[in-house]
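Source file run06.cif; content: mmCIF, C-alpha atoms.
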data_input
#
loop_
_atom_site.label_atom_id
_atom_site.label_comp_id
_atom_site.auth_asym_id
_atom_site.auth_seq_id
_atom_site.Cartn_x
_atom_site.Cartn_y
_atom_site.Cartn_z
CA MET A 996 57.05 94.92 127.09
CA GLU A 997 59.87 96.72 125.24
CA ILE A 998 60.15 100.51 125.12
CA SER A 999 59.42 100.52 121.38
CA GLN A 1000 56.12 98.69 121.97
CA ILE A 1001 55.16 101.15 124.72
CA LEU A 1002 55.87 104.01 122.32
CA GLY A 1003 53.93 102.16 119.62
CA TYR A 1004 50.80 101.88 121.74
CA PHE A 1005 51.20 105.52 122.78
CA GLY A 1006 51.35 106.25 119.05
CA ALA A 1007 48.07 104.37 118.60
CA LEU A 1008 46.51 106.71 121.16
CA LEU A 1009 48.04 109.69 119.35
CA ILE A 1010 46.45 108.56 116.06
CA GLY A 1011 43.01 108.77 117.62
CA VAL A 1012 43.71 112.06 119.42
CA VAL A 1013 44.80 113.71 116.16
CA LEU A 1014 41.70 112.40 114.36
CA GLY A 1015 39.50 113.71 117.14
CA LEU A 1016 41.20 117.12 117.24
CA ILE A 1017 41.61 118.02 113.57
CA GLY A 1018 39.22 115.58 111.88
CA GLY A 1019 41.90 113.84 109.83
CA GLY A 1020 45.60 113.26 109.40
CA GLY A 1021 45.97 110.70 112.18
CA SER A 1022 45.86 107.78 109.77
CA ILE A 1023 49.04 109.02 108.07
CA LEU A 1024 50.90 108.07 111.27
CA THR A 1025 49.63 104.49 111.43
CA VAL A 1026 52.01 102.78 109.00
CA PRO A 1027 55.22 104.41 110.35
CA ILE A 1028 54.21 103.55 113.92
CA LEU A 1029 53.49 99.93 113.00
CA VAL A 1030 56.68 99.53 110.95
CA TYR A 1031 59.26 101.38 113.04
CA LEU A 1032 57.92 100.91 116.58
CA MET A 1033 55.95 97.64 116.40
CA PHE A 1034 58.25 96.07 113.76
CA VAL A 1035 55.40 94.96 111.51
CA ASN A 1036 56.25 94.09 107.89
CA PRO A 1037 55.35 97.08 105.63
CA VAL A 1038 52.87 95.12 103.51
CA THR A 1039 51.13 93.80 106.65
CA ALA A 1040 51.33 97.28 108.21
CA THR A 1041 49.39 98.82 105.32
CA ALA A 1042 46.75 96.13 105.81
CA TYR A 1043 46.52 96.76 109.55
CA SER A 1044 46.37 100.49 108.84
CA LEU A 1045 43.29 99.99 106.66
CA PHE A 1046 41.52 98.30 109.57
CA VAL A 1047 42.59 100.94 112.13
CA VAL A 1048 41.64 103.78 109.77
CA GLY A 1049 38.35 102.12 108.85
CA ILE A 1050 37.19 101.54 112.41
CA SER A 1051 38.37 104.96 113.62
CA SER A 1052 36.68 106.79 110.74
CA ALA A 1053 33.49 104.80 111.29
CA PHE A 1054 33.16 106.25 114.80
CA GLY A 1055 33.55 109.76 113.40
CA ALA A 1056 31.14 109.08 110.54
CA PHE A 1057 28.49 107.76 112.94
CA GLN A 1058 28.64 110.99 114.96
CA ASN A 1059 28.25 113.04 111.76
CA ILE A 1060 25.32 110.93 110.55
CA LYS A 1061 23.50 111.70 113.80
CA LYS A 1062 24.14 115.41 113.13
CA GLY A 1063 22.76 115.11 109.59
CA LEU A 1064 26.04 116.23 107.98
CA VAL A 1065 26.64 113.23 105.70
CA ASP A 1066 25.52 113.51 102.05
CA PHE A 1067 24.76 109.87 101.21
CA LYS A 1068 24.23 110.37 97.47
CA THR A 1069 27.65 111.97 97.09
CA ALA A 1070 29.19 109.22 99.21
CA ILE A 1071 27.69 106.53 96.96
CA VAL A 1072 28.72 108.26 93.70
CA PHE A 1073 32.31 108.65 94.93
CA SER A 1074 32.57 105.38 96.82
CA ILE A 1075 31.59 102.75 94.24
CA PRO A 1076 34.71 103.19 92.05
CA ALA A 1077 36.85 103.71 95.19
CA PHE A 1078 35.54 100.49 96.78
CA ILE A 1079 36.26 98.48 93.65
CA ALA A 1080 39.74 99.98 93.21
CA VAL A 1081 40.89 99.49 96.80
CA TYR A 1082 39.66 95.88 96.95
CA LEU A 1083 41.31 94.92 93.65
CA THR A 1084 44.52 96.71 94.66
CA ARG A 1085 44.81 94.82 97.97
CA LYS A 1086 43.62 91.53 96.50
CA TYR A 1087 45.68 91.45 93.27
CA LEU A 1088 48.01 94.44 92.73
CA VAL A 1089 49.93 94.48 96.03
CA PRO A 1090 50.56 90.68 96.05
CA ALA A 1091 51.70 90.91 92.42
CA ILE A 1092 54.51 93.38 93.19
CA PRO A 1093 57.82 91.43 92.98
CA SER A 1094 60.05 91.16 96.06
CA ASP A 1095 62.94 92.82 94.19
CA ILE A 1096 61.68 95.59 91.94
CA LEU A 1097 64.97 97.12 90.80
CA ILE A 1098 68.64 96.21 91.26
CA LEU A 1099 71.32 98.87 90.64
CA SER A 1100 74.89 97.86 91.58
CA ASP A 1101 74.90 97.95 95.41
CA PHE A 1102 71.30 99.09 95.81
CA THR A 1103 68.24 96.85 95.60
CA LEU A 1104 64.79 98.40 95.57
CA THR A 1105 62.72 95.81 97.40
CA LYS A 1106 58.96 95.68 97.66
CA ASN A 1107 59.06 96.78 101.31
CA ILE A 1108 61.37 99.73 100.61
CA ALA A 1109 59.27 100.82 97.61
CA ILE A 1110 56.05 100.77 99.66
CA MET A 1111 57.62 102.83 102.46
CA ILE A 1112 59.12 105.38 100.03
CA PHE A 1113 55.80 105.72 98.18
CA PHE A 1114 54.05 106.10 101.52
CA ALA A 1115 56.56 108.78 102.56
CA ILE A 1116 55.86 110.70 99.32
CA ILE A 1117 52.14 110.61 100.16
CA MET A 1118 53.01 111.88 103.65
CA VAL A 1119 54.89 114.82 102.14
CA LEU A 1120 51.96 115.66 99.84
CA ALA A 1121 49.51 115.42 102.75
CA ALA A 1122 51.78 117.61 104.87
CA VAL A 1123 51.96 120.29 102.18
CA SER A 1124 48.15 120.32 101.93
CA MET A 1125 47.93 120.83 105.72
CA ILE A 1126 50.63 123.53 105.83
CA LYS A 1127 49.43 125.46 102.80
CA LYS A 1128 47.06 128.28 103.68
CA GLN A 1129 44.00 127.65 101.57
CA LYS A 1130 41.43 130.25 100.68
CA GLN A 1131 38.22 129.71 102.55
CA GLN A 1132 35.18 129.47 100.33
CA GLN A 1133 31.87 130.65 101.68
CA LEU A 1134 29.48 127.90 100.64
CA GLN A 1135 25.85 127.95 101.68
CA GLU A 1136 24.33 124.79 103.12
CA SER A 1137 21.37 125.24 100.80
CA ARG A 1138 23.53 125.40 97.69
CA ILE A 1139 22.43 122.96 94.98
CA ILE A 1140 24.86 120.05 94.71
CA LYS A 1141 26.03 119.34 91.18
CA TYR A 1142 27.86 116.18 90.19
CA ASN A 1143 30.70 115.93 87.71
CA TYR A 1144 30.28 112.16 87.36
CA PRO A 1145 33.29 111.38 85.10
CA LEU A 1146 35.74 113.31 87.30
CA ILE A 1147 34.23 111.98 90.54
CA THR A 1148 34.55 108.43 89.19
CA LEU A 1149 38.17 109.03 88.14
CA GLU A 1150 39.01 110.58 91.51
CA GLY A 1151 37.35 107.65 93.29
CA LEU A 1152 39.47 105.17 91.34
CA LEU A 1153 42.65 107.15 92.06
CA VAL A 1154 41.95 107.39 95.79
CA GLY A 1155 41.03 103.69 95.90
CA VAL A 1156 44.33 102.61 94.35
CA LEU A 1157 46.25 105.02 96.59
CA THR A 1158 44.51 103.74 99.71
CA GLY A 1159 45.13 100.16 98.64
CA ILE A 1160 48.87 100.66 98.24
CA VAL A 1161 49.75 102.78 101.28
CA GLY A 1162 46.90 101.99 103.68
CA ALA A 1163 46.07 105.66 104.41
CA GLY A 1164 42.57 107.10 104.24
CA GLY A 1165 43.28 109.67 101.56
CA GLY A 1166 41.15 112.36 103.17
CA PHE A 1167 43.45 115.09 101.85
CA LEU A 1168 42.42 114.00 98.34
CA ILE A 1169 38.78 113.14 99.04
CA ILE A 1170 37.75 116.39 100.75
CA PRO A 1171 38.95 118.73 97.95
CA ALA A 1172 37.30 116.42 95.40
CA LEU A 1173 33.94 116.61 97.20
CA VAL A 1174 34.17 120.39 97.48
CA LEU A 1175 35.28 121.03 93.90
CA LEU A 1176 33.53 118.23 91.99
CA ALA A 1177 30.32 117.78 93.99
CA LYS A 1178 30.11 121.39 95.25
CA LEU A 1179 29.62 120.22 98.83
CA PRO A 1180 29.99 122.73 101.66
CA MET A 1181 33.26 122.12 103.53
CA LYS A 1182 31.54 120.89 106.69
CA LYS A 1183 29.55 118.28 104.75
CA ALA A 1184 32.61 117.33 102.68
CA VAL A 1185 34.61 116.52 105.83
CA ALA A 1186 31.73 114.54 107.32
CA THR A 1187 31.00 112.64 104.09
CA SER A 1188 34.69 111.85 103.56
CA LEU A 1189 34.82 110.03 106.92
CA LEU A 1190 32.04 107.68 105.78
CA ILE A 1191 33.82 107.05 102.46
CA ILE A 1192 37.14 106.43 104.21
CA ALA A 1193 35.56 104.06 106.74
CA VAL A 1194 33.81 101.79 104.26
CA LYS A 1195 36.56 101.99 101.62
CA SER A 1196 39.29 101.07 104.11
CA LEU A 1197 37.38 98.15 105.60
CA ILE A 1198 36.52 96.77 102.15
CA GLY A 1199 40.20 97.01 101.22
CA PHE A 1200 41.07 95.11 104.38
CA ILE A 1201 38.77 92.26 103.26
CA GLY A 1202 41.15 91.73 100.34
CA ASP A 1203 44.00 91.32 102.85
CA VAL A 1204 42.19 88.81 105.03
CA GLN A 1205 42.31 86.44 102.05
CA ASN A 1206 46.06 86.98 101.48
CA LEU A 1207 47.71 87.66 104.84
CA GLN A 1208 47.96 86.04 108.25
CA ILE A 1209 46.27 88.55 110.59
CA ASP A 1210 47.29 88.83 114.26
CA TRP A 1211 43.79 89.68 115.45
CA SER A 1212 44.62 90.05 119.15
CA PHE A 1213 47.29 92.65 118.42
CA LEU A 1214 45.23 94.43 115.74
CA LEU A 1215 42.09 94.71 117.87
CA PHE A 1216 44.06 95.94 120.90
CA PHE A 1217 45.93 98.53 118.82
CA THR A 1218 42.68 99.70 117.21
CA SER A 1219 40.85 99.92 120.53
CA ILE A 1220 43.56 102.26 121.85
CA SER A 1221 43.13 104.46 118.75
CA VAL A 1222 39.37 104.58 119.32
CA VAL A 1223 39.97 105.69 122.92
CA GLY A 1224 42.22 108.38 121.48
CA ILE A 1225 39.37 109.64 119.29
CA PHE A 1226 37.20 110.24 122.34
CA VAL A 1227 40.12 111.97 124.08
CA GLY A 1228 40.73 114.14 121.02
CA THR A 1229 37.04 114.97 120.68
CA TYR A 1230 36.95 116.04 124.33
CA LEU A 1231 40.10 118.16 123.95
CA SER A 1232 38.59 119.81 120.86
CA ASN A 1233 36.19 121.60 123.24
CA PHE A 1234 39.19 123.49 124.62
CA ILE A 1235 41.69 123.47 121.73
CA ASP A 1236 41.10 124.79 118.22
CA GLY A 1237 42.07 121.88 115.96
CA LYS A 1238 42.52 124.19 112.98
CA LYS A 1239 45.36 125.97 114.75
CA LEU A 1240 47.11 122.64 115.33
CA LYS A 1241 46.75 121.48 111.74
CA LYS A 1242 49.65 123.52 110.36
CA GLY A 1243 52.01 122.39 113.13
CA PHE A 1244 50.98 118.78 112.63
CA GLY A 1245 51.60 119.24 108.90
CA TRP A 1246 55.23 120.21 109.59
CA PHE A 1247 55.60 117.15 111.82
CA VAL A 1248 54.27 114.87 109.07
CA LEU A 1249 56.57 116.55 106.53
CA ILE A 1250 59.64 115.89 108.69
CA MET A 1251 58.56 112.28 109.21
CA GLY A 1252 58.05 111.77 105.47
CA ILE A 1253 61.52 113.10 104.65
CA PHE A 1254 63.03 110.99 107.44
CA ILE A 1255 61.42 107.82 106.07
CA ILE A 1256 62.70 108.51 102.53
CA ILE A 1257 66.26 109.06 103.80
CA LYS A 1258 66.11 106.01 106.10
CA GLU A 1259 64.79 103.64 103.43
CA LEU A 1260 67.20 104.79 100.72
CA SER A 1261 70.17 104.45 103.07
CA SER A 1262 69.16 101.04 104.42
#

Target format structure tokens, applied to this file:
Amino acid sequence: MEISQILGYFGALLIGVVLGLIGGGGSILTVPILVYLMFVNPVTATAYSLFVVGISSAFGAFQNIKKGLVDFKTAIVFSIPAFIAVYLTRKYLVPAIPSDILILSDFTLTKNIAIMIFFAIIMVLAAVSMIKKQKQQQLQESRIIKYNYPLITLEGLLVGVLTGIVGAGGGFLIIPALVLLAKLPMKKAVATSLLIIAVKSLIGFIGDVQNLQIDWSFLLFFTSISVVGIFVGTYLSNFIDGKKLKKGFGWFVLIMGIFIIIKELSS
């Protein structure tokens, strides 16, 4: 086994540990790890990422369901447009992107480069949301939940397309939407977002099964390591405050995003 593969599988463990510690963000590492350490094609990597993210989030969602933290009505209202969007994106939009998108003198913007640059931009946005000190809102658990259906539907479609293209869960978009548009308390928003991410990602992956050749032995092994990481991260969360790590992890993601943009544009 080559050193890059060893680092790649360690990265799979890290994905789960981060998810277990801070409740999100780990999925943003999946595509870079698969592309740069495991040498998986970017389009296939986004597909694999959907599966890894879906399974990992499902474990977290199951724990939250047992605690009674998941708001199923909100999940359904948000999820239906997201499910449709992510499936159609993986089934039709991604395969329809041409191999060479733009040719300018010595530079050719290929499909693979475009996906990685777009993914890196999403990484930067996610990093900023983790670094930025947000005002904490005191929301009561008994507060009446109100639904802004048009905006929730639009947000669901947006997150679905985004997830379909880059293969990330989109939690940094989903959680604020649930808090602002559905008036969910933060704790319930985080828990409900895991359920949405899990089902949305796995449905998106179904679209890939019909278009791509899946290396199931590799994918299942990689995912199982990430799941082990979740349990490790959950255990460590008893001793480490995940919120304190979130800002530092945000800076790490920001540096990675900038590195990917520079690497892809110079390749």

Notebook entry, point to check: Using all atoms listed in the file, which residues sit within 9 Å of Thr1039 (chain A) once same-chain residues fewer than 5 positions away are excluded, as a PyMOL selection string?
Noted result: chain A and resi 1044+1203+1207-1209

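Using all atoms listed in the file for every distance, the candidate list A:Ala1056, A:Met1111, A:Leu1146, A:Leu1189 yields A:Met1111 as the residue closest to Leu1260 (chain A).
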
Notebook entry, point to check: With all atoms listed in the file as the basis for distance, which of A:Leu1104, A:Ala1077, A:Leu1083, A:Val1030 is at the shortest distance from Gln1205 (chain A)?
Noted result: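 So, comparing all the options, the nearest one is A:Leu1083.
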
Checklist line | the PyMOL selection byres ((chain A and resi 1247) around 12) resolved against shown file, as a list in words | finding: Gly1020, Gly1021, Ile1023, Leu1024, Met1118, Val1119, Ala1121, Ala1122, Val1123, Met1125, Ile1126, Leu1240, Lys1241, Lys1242, Gly1243, Phe1244, Gly1245, Trp1246, Val1248, Leu1249, Ile1250, Met1251, Gly1252, Ile1253 and Phe1254 of chain A

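Checking A:Val1204, A:Val1026, A:Ile1147, A:Ile1050 one by one against Val1174 (chain A), counting all atoms listed in the file, you find the shortest gap at A:Ile1147.
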
Check: Which residue out of A:Ser1196, A:Leu1190, A:Met1033, A:Asn1206 has the minimum interatomic distance to Ile1060 (chain A) when all atoms listed in the file are used?
Finding: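 Selected residue with least distance to Ile1060 (chain A): A:Leu1190.
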